[in-house]
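This report concerns only the one structure given below.
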Amino acid sequence: MKPKKQIKYWVDERNSNCFMLFAKNLSITWSDDVNYWTWFTEKESPNENVEAVGLKNVCWLDITGKFDTRNLTPGIVYEVVFKVKLEDPAYGWDTPVNLKLVLPNGKEKPQEKKVSLRELPRYKWVDVRVGEFVPEKSAAGEITFSMYEHAAGVWKKGLSLKGVAIRPKQ
């Protein structure tokens with residue numbers, strides 16, 4: 001089956017809207033250059049494939065996405081998580097990556113933190129949490145989220161990215 005979807009939508013058991021923005025829906029520096037990234041098909045469910053991307057080698061990691069909060073259920077605490085996997089050989093992850101979540105209208109200061117990916121379990125999709133927020137109708141708009149590291153100049157390899165989930169906090 002050919003992957004088609006760039007965004008997946010579902011309603012959880014609490015009747016809240018949930019979204020997954022797959023890698024093709026994100027801005028990934030140099031992802032169109034086969035020297036740095038490789039696109040591959042990943043099974044999302046028994047009858048659904050999606051395109052994920054694997055990092056071959058970069059010293060400038062920059063992944064960014066945007067999402068309109070008007071599609072979310074107001075009053076629910078949502079979390080934004082990158083769905084990633086490390087596969088050996090993996091290197092360059094001693095330097096923590098930066099995670100950033102910018103909420104609509106810039107009323108609140110961005111949520112920022114550094115996270116080490118070095119200790120992630122290998123060969124398994126895991127969630128790397130960027131931040132959380134409560135969407136309100138009065139403050140609806142676009143959020144921006146990113147994972148980046150380009151200050152250290154360290155070459156990195158072995159990271160795969162399926163996408164970003166925006167879902168009620170678990």
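Order determines the names: the first chain of the structure tokens is A, the second B, and so forth; residues in each chain are numbered 1 upward, and ligands are numbered 1 upward as they are shown.
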To test your reading of the structure, identify every residue in region 8-95 of chain A that backbone DSSP assigns to strand (DSSP E), and report it as a ChimeraX atom specification. /A:8-11,17-22,27-28,37-45,48-55,61-68,78-91
As a PyMOL selection string, please: the residues near Phe133 (chain A) (cut-off 12 Å, only C-alpha atoms, same-chain neighbours under 5 positions excluded). chain A and resi 69+72-80+101-104+108-111+139-140+143+166-169
Write out as a list in words which residues come within 10 Å of Leu120 (chain A) when counting only C-alpha atoms, dropping same-chain ones fewer than 3 positions away.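 The filter keeps Val84, Lys85, Leu86, Glu87, Trp93, Ser116, Leu117, Tyr123, Lys124, Trp125, Val126, Asp127 and Val128 of chain A.
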Quote the spacing between CA of Asp62 (chain A) and CA of Tyr91 (chain A) in Å to one decimal place.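 Distance between the two atoms: 16.6 Å.
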As a check of understanding: the span from CA of Leu26 (chain A) to CA of Gly141 (chain A) is 17.6 Å
